[in-house]
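Visitor: Handing you a structure now.
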Amino acid sequence: MSAKRRFLEHTKAWWDIHRHRMAPEIHARISEAVQSGRLRLIAGRVLGVHREGRTLTVNLQLRQSQALENLEVAIAYDCTGIVKDVSTGSIAVVRSLTDRGLARPDPLRLGLDVTADCAVIDVDGAPSDKLFAVGPLTRGTFFDIDAIPDIRIQCARLADQLAG
């Protein structure tokens with residue numbers, strides 16, 4: 001497990017950049033927004049975000065420096081990567097499942113703990129016969145399950161299994 005954790009902390013972002021390409025149409029739109037000044041890309045660590053009315057103030061520490069920057073923005077996109085702890089993340093239904101003991105986080109806390117056939121495992125370690133998860137929620141078991149072709153295969157297998 002420690003090798004996976006080290007990979008996540010030090011290498012996963014670079015892996016994702018090279019494994020998952022964006023669609024050419026999206027690349028063109030982003031490039032145009034950057035060139036026109038409507039979008040600014042910043043590498044750094046978010047130290048805090050504060051809302052005042054319709055404005056967000058984002059406190060940043062710029063990458064490879066100790067410089068701090070405060071930005072006032074209308075919209076902020078979180079491009080920091082995968083959730084660090086699914087049980088405290090922003091997906092209310094997932095938090096509800098873990099809070100109620102119907103699901104538990106995987107050992108790395110990337111998603112839900114699931115069996116090889118995608119059954120959600122509850123807080124006592126029992127797999128559900130009614131609750132299943134697919135896609136990024138199953139990262140702890142299937143790790144590199146972010147690409148649509150892989151998720152499509154996972155869904156097809158689960159559909160076959162459920163159809164009996």
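Residue numbers start at 1 in each chain; chains themselves are named A, B, ... in the order of the structure tokens; ligands are numbered from 1 in the order shown.
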Find the residues around Leu108 in chain A up to 9 Å (only C-alpha atoms counted), leave out those fewer than 6 positions away in its own chain, and share them as a PyMOL selection string.
Guide: chain A and resi 1+4-5+84-85+139-140
Visitor: Selected residues, N, CA and C atoms, written as a CSV table (one decimal), in the first residue's frame, please.
Guide:
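Written file, result-v6.csv:
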```
chain,number,residue,atom,x,y,z
A,1,MET,N,0.8,-1.2,0.0
A,1,MET,CA,0.0,0.0,0.0
A,1,MET,C,0.9,1.3,0.0
A,4,LYS,N,1.7,2.5,-3.5
A,4,LYS,CA,0.6,3.2,-4.2
A,4,LYS,C,0.5,4.6,-3.6
A,5,ARG,N,0.6,4.8,-2.3
A,5,ARG,CA,0.5,6.1,-1.7
A,5,ARG,C,1.6,7.0,-2.2
A,84,LYS,N,-8.7,13.6,-1.8
A,84,LYS,CA,-7.7,13.0,-0.8
A,84,LYS,C,-8.4,12.1,0.2
A,85,ASP,N,-9.7,12.2,0.5
A,85,ASP,CA,-10.4,11.4,1.4
A,85,ASP,C,-11.9,11.4,1.0
A,139,ARG,N,-11.3,3.5,-7.4
A,139,ARG,CA,-9.9,3.6,-7.5
A,139,ARG,C,-9.0,2.8,-6.6
A,140,GLY,N,-9.5,2.6,-5.4
A,140,GLY,CA,-8.7,1.9,-4.4
A,140,GLY,C,-8.5,0.4,-4.8
```
Visitor: Which parts of range 6-89 of chain A does DSSP call alpha helix (DSSP H) when run on the backbone here, written out as a list in words?
Guide: Arg6, Phe7, Leu8, Glu9, His10, Lys12, Ala13, Trp14, Trp15, Asp16, Ile17, His18, Arg19, Pro24, Glu25, Ile26, His27, Ala28, Arg29, Ile30, Ser31, Glu32, Ala33, Val34, Gln35 and Ser36 of chain A
Visitor: I'd like the contact shell of range 142-157 of chain A - 10 Å cut-off, only C-alpha atoms, skipping same-chain residues fewer than 2 positions apart - returned as a VMD selection string.
Guide: chain A and resid 4 12 15 to 16 19 to 21 110 to 111 114 to 118 133 to 140 159 to 163
Visitor: So the first atom is CA of Ile30 in chain A and the second is CA of Gln66 in chain A; what is the distance between them in Å, to one decimal place?
Guide: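 Computed distance, CA of Ile30 in chain A to CA of Gln66 in chain A, equals 27.9 Å.
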Visitor: Measure the distance from CA of Glu72 in chain A to CA of Ser36 in chain A in Å and round it to one decimal.
Guide: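 If I compute the distance from CA of Glu72 in chain A to CA of Ser36 in chain A, I get 18.3 Å.
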Visitor: Given only C-alpha atoms as the basis, pick out the residue of A:Gly53, A:Gly101, A:Gly164, A:Gly89 nearest to Pro127 in chain A.
Guide: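 So, comparing all the options, the nearest one is A:Gly101.
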Visitor: Could you list, as a ChimeraX atom specification, every residue within 6 Å of Asp122 in chain A, counting only C-alpha atoms and ignoring same-chain residues fewer than 4 positions away?
Guide: /A:101-104,126
Visitor: Could you write out that same residue set with N, CA and C atoms as an mmCIF file, in the first residue's frame?
Guide:
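Below is the file that was written, part22.cif:
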```cif
data_model
loop_
_atom_site.group_PDB
_atom_site.id
_atom_site.type_symbol
_atom_site.label_atom_id
_atom_site.label_comp_id
_atom_site.auth_asym_id
_atom_site.auth_seq_id
_atom_site.Cartn_x
_atom_site.Cartn_y
_atom_site.Cartn_z
ATOM 1 N N GLY A 101 -22.455 3.989 7.524
ATOM 2 C CA GLY A 101 -21.838 2.670 7.625
ATOM 3 C C GLY A 101 -22.191 1.723 6.499
ATOM 4 N N LEU A 102 -22.910 2.215 5.488
ATOM 5 C CA LEU A 102 -23.291 1.373 4.362
ATOM 6 C C LEU A 102 -22.135 1.166 3.391
ATOM 7 N N ALA A 103 -21.130 2.004 3.516
ATOM 8 C CA ALA A 103 -19.924 1.906 2.687
ATOM 9 C C ALA A 103 -18.757 2.360 3.544
ATOM 10 N N ARG A 104 -17.568 1.947 3.137
ATOM 11 C CA ARG A 104 -16.366 2.424 3.821
ATOM 12 C C ARG A 104 -15.361 2.852 2.766
ATOM 13 N N ALA A 126 -18.610 -6.373 5.048
ATOM 14 C CA ALA A 126 -19.524 -7.213 4.268
ATOM 15 C C ALA A 126 -19.843 -6.558 2.925
#
```
Visitor: DSSP on the backbone, strand (DSSP E or B) only: what residues of chain A does that give? Format it as a PDB file with N, CA and C atoms, in the first residue's frame.
Guide:
```pdb
ATOM      1  N   GLY A  44       0.411  26.052  -8.356  1.00  0.00           N
ATOM      2  CA  GLY A  44       0.660  26.389  -6.962  1.00  0.00           C
ATOM      3  C   GLY A  44      -0.229  25.607  -6.029  1.00  0.00           C
ATOM      4  N   ARG A  45      -0.107  25.901  -4.776  1.00  0.00           N
ATOM      5  CA  ARG A  45      -0.877  25.235  -3.732  1.00  0.00           C
ATOM      6  C   ARG A  45      -1.932  26.208  -3.217  1.00  0.00           C
ATOM      7  N   VAL A  46      -3.180  25.749  -3.177  1.00  0.00           N
ATOM      8  CA  VAL A  46      -4.260  26.570  -2.642  1.00  0.00           C
ATOM      9  C   VAL A  46      -4.188  26.513  -1.120  1.00  0.00           C
ATOM     10  N   LEU A  47      -4.025  27.672  -0.505  1.00  0.00           N
ATOM     11  CA  LEU A  47      -3.955  27.753   0.957  1.00  0.00           C
ATOM     12  C   LEU A  47      -5.315  28.036   1.568  1.00  0.00           C
ATOM     13  N   GLY A  48      -6.195  28.633   0.788  1.00  0.00           N
ATOM     14  CA  GLY A  48      -7.531  28.930   1.283  1.00  0.00           C
ATOM     15  C   GLY A  48      -8.368  29.604   0.225  1.00  0.00           C
ATOM     16  N   VAL A  49      -9.684  29.481   0.369  1.00  0.00           N
ATOM     17  CA  VAL A  49     -10.635  30.138  -0.528  1.00  0.00           C
ATOM     18  C   VAL A  49     -11.713  30.768   0.345  1.00  0.00           C
ATOM     19  N   HIS A  50     -11.986  32.041   0.098  1.00  0.00           N
ATOM     20  CA  HIS A  50     -12.977  32.764   0.896  1.00  0.00           C
ATOM     21  C   HIS A  50     -13.955  33.456  -0.039  1.00  0.00           C
ATOM     22  N   ARG A  51     -15.238  33.324   0.251  1.00  0.00           N
ATOM     23  CA  ARG A  51     -16.275  33.954  -0.576  1.00  0.00           C
ATOM     24  C   ARG A  51     -16.730  35.248   0.084  1.00  0.00           C
ATOM     25  N   GLU A  52     -16.820  36.282  -0.737  1.00  0.00           N
ATOM     26  CA  GLU A  52     -17.410  37.547  -0.312  1.00  0.00           C
ATOM     27  C   GLU A  52     -18.392  37.953  -1.393  1.00  0.00           C
ATOM     28  N   THR A  55     -17.767  37.140  -5.230  1.00  0.00           N
ATOM     29  CA  THR A  55     -16.335  37.072  -5.491  1.00  0.00           C
ATOM     30  C   THR A  55     -15.660  36.060  -4.583  1.00  0.00           C
ATOM     31  N   LEU A  56     -14.734  35.321  -5.149  1.00  0.00           N
ATOM     32  CA  LEU A  56     -13.906  34.404  -4.376  1.00  0.00           C
ATOM     33  C   LEU A  56     -12.514  35.001  -4.250  1.00  0.00           C
ATOM     34  N   THR A  57     -11.947  34.937  -3.071  1.00  0.00           N
ATOM     35  CA  THR A  57     -10.547  35.288  -2.893  1.00  0.00           C
ATOM     36  C   THR A  57      -9.799  33.985  -2.668  1.00  0.00           C
ATOM     37  N   VAL A  58      -8.856  33.702  -3.548  1.00  0.00           N
ATOM     38  CA  VAL A  58      -8.080  32.470  -3.484  1.00  0.00           C
ATOM     39  C   VAL A  58      -6.672  32.828  -3.029  1.00  0.00           C
ATOM     40  N   ASN A  59      -6.247  32.210  -1.931  1.00  0.00           N
ATOM     41  CA  ASN A  59      -4.893  32.413  -1.401  1.00  0.00           C
ATOM     42  C   ASN A  59      -4.010  31.289  -1.916  1.00  0.00           C
ATOM     43  N   LEU A  60      -2.945  31.634  -2.620  1.00  0.00           N
ATOM     44  CA  LEU A  60      -2.066  30.654  -3.259  1.00  0.00           C
ATOM     45  C   LEU A  60      -0.630  30.800  -2.799  1.00  0.00           C
ATOM     46  N   GLN A  61       0.076  29.671  -2.789  1.00  0.00           N
ATOM     47  CA  GLN A  61       1.536  29.688  -2.711  1.00  0.00           C
ATOM     48  C   GLN A  61       2.003  29.176  -4.053  1.00  0.00           C
ATOM     49  N   LEU A  62       2.715  29.995  -4.792  1.00  0.00           N
ATOM     50  CA  LEU A  62       3.132  29.640  -6.149  1.00  0.00           C
ATOM     51  C   LEU A  62       4.127  28.488  -6.118  1.00  0.00           C
ATOM     52  N   LEU A  68       3.515  34.266  -2.090  1.00  0.00           N
ATOM     53  CA  LEU A  68       2.088  34.130  -1.871  1.00  0.00           C
ATOM     54  C   LEU A  68       1.357  35.074  -2.800  1.00  0.00           C
ATOM     55  N   GLU A  69       0.196  34.667  -3.250  1.00  0.00           N
ATOM     56  CA  GLU A  69      -0.605  35.512  -4.133  1.00  0.00           C
ATOM     57  C   GLU A  69      -2.061  35.362  -3.737  1.00  0.00           C
ATOM     58  N   ASN A  70      -2.776  36.480  -3.697  1.00  0.00           N
ATOM     59  CA  ASN A  70      -4.215  36.485  -3.455  1.00  0.00           C
ATOM     60  C   ASN A  70      -4.894  36.898  -4.749  1.00  0.00           C
ATOM     61  N   LEU A  71      -5.835  36.089  -5.201  1.00  0.00           N
ATOM     62  CA  LEU A  71      -6.561  36.383  -6.428  1.00  0.00           C
ATOM     63  C   LEU A  71      -8.033  36.581  -6.113  1.00  0.00           C
ATOM     64  N   GLU A  72      -8.631  37.593  -6.714  1.00  0.00           N
ATOM     65  CA  GLU A  72     -10.077  37.755  -6.645  1.00  0.00           C
ATOM     66  C   GLU A  72     -10.639  37.278  -7.970  1.00  0.00           C
ATOM     67  N   VAL A  73     -11.514  36.279  -7.898  1.00  0.00           N
ATOM     68  CA  VAL A  73     -12.022  35.640  -9.109  1.00  0.00           C
ATOM     69  C   VAL A  73     -13.527  35.418  -9.004  1.00  0.00           C
ATOM     70  N   PRO A 105     -14.504   3.795   3.122  1.00  0.00           N
ATOM     71  CA  PRO A 105     -13.461   4.194   2.171  1.00  0.00           C
ATOM     72  C   PRO A 105     -12.487   3.035   1.956  1.00  0.00           C
ATOM     73  N   LEU A 112     -14.575   4.331  -2.665  1.00  0.00           N
ATOM     74  CA  LEU A 112     -15.217   3.354  -1.807  1.00  0.00           C
ATOM     75  C   LEU A 112     -14.501   2.016  -1.906  1.00  0.00           C
ATOM     76  N   VAL A 114     -14.479  -1.650  -2.545  1.00  0.00           N
ATOM     77  CA  VAL A 114     -15.354  -2.533  -3.314  1.00  0.00           C
ATOM     78  C   VAL A 114     -14.649  -3.865  -3.562  1.00  0.00           C
ATOM     79  N   ALA A 119     -18.986  -4.708  -5.858  1.00  0.00           N
ATOM     80  CA  ALA A 119     -19.923  -4.595  -4.740  1.00  0.00           C
ATOM     81  C   ALA A 119     -19.306  -3.697  -3.665  1.00  0.00           C
ATOM     82  N   VAL A 120     -20.097  -2.771  -3.169  1.00  0.00           N
ATOM     83  CA  VAL A 120     -19.629  -1.863  -2.123  1.00  0.00           C
ATOM     84  C   VAL A 120     -19.514  -2.632  -0.808  1.00  0.00           C
ATOM     85  N   ILE A 121     -18.414  -2.410  -0.097  1.00  0.00           N
ATOM     86  CA  ILE A 121     -18.157  -3.087   1.177  1.00  0.00           C
ATOM     87  C   ILE A 121     -18.543  -2.140   2.309  1.00  0.00           C
ATOM     88  N   PRO A 127     -19.694  -7.314   1.830  1.00  0.00           N
ATOM     89  CA  PRO A 127     -20.052  -6.759   0.521  1.00  0.00           C
ATOM     90  C   PRO A 127     -21.573  -6.705   0.361  1.00  0.00           C
ATOM     91  N   SER A 128     -22.058  -5.648  -0.261  1.00  0.00           N
ATOM     92  CA  SER A 128     -23.485  -5.473  -0.499  1.00  0.00           C
ATOM     93  C   SER A 128     -23.927  -6.313  -1.685  1.00  0.00           C
ATOM     94  N   ASP A 129     -25.181  -6.771  -1.634  1.00  0.00           N
ATOM     95  CA  ASP A 129     -25.740  -7.450  -2.802  1.00  0.00           C
ATOM     96  C   ASP A 129     -26.649  -6.513  -3.594  1.00  0.00           C
ATOM     97  N   LYS A 130     -26.736  -5.243  -3.144  1.00  0.00           N
ATOM     98  CA  LYS A 130     -27.600  -4.262  -3.807  1.00  0.00           C
ATOM     99  C   LYS A 130     -26.889  -2.983  -4.215  1.00  0.00           C
ATOM    100  N   LEU A 131     -25.744  -2.724  -3.636  1.00  0.00           N
ATOM    101  CA  LEU A 131     -25.054  -1.460  -3.856  1.00  0.00           C
ATOM    102  C   LEU A 131     -23.708  -1.723  -4.538  1.00  0.00           C
ATOM    103  N   PHE A 132     -23.535  -1.105  -5.720  1.00  0.00           N
ATOM    104  CA  PHE A 132     -22.325  -1.297  -6.513  1.00  0.00           C
ATOM    105  C   PHE A 132     -21.761   0.065  -6.901  1.00  0.00           C
TER     106      PHE A 132
END
```
Visitor: My list of candidates is A:Ile91, A:Arg100, A:Gln64, A:Leu41. Which is closest to Ala76 in chain A when distances are computed with only C-alpha atoms?
Guide: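 Smallest distance to Ala76 in chain A is found for A:Leu41.
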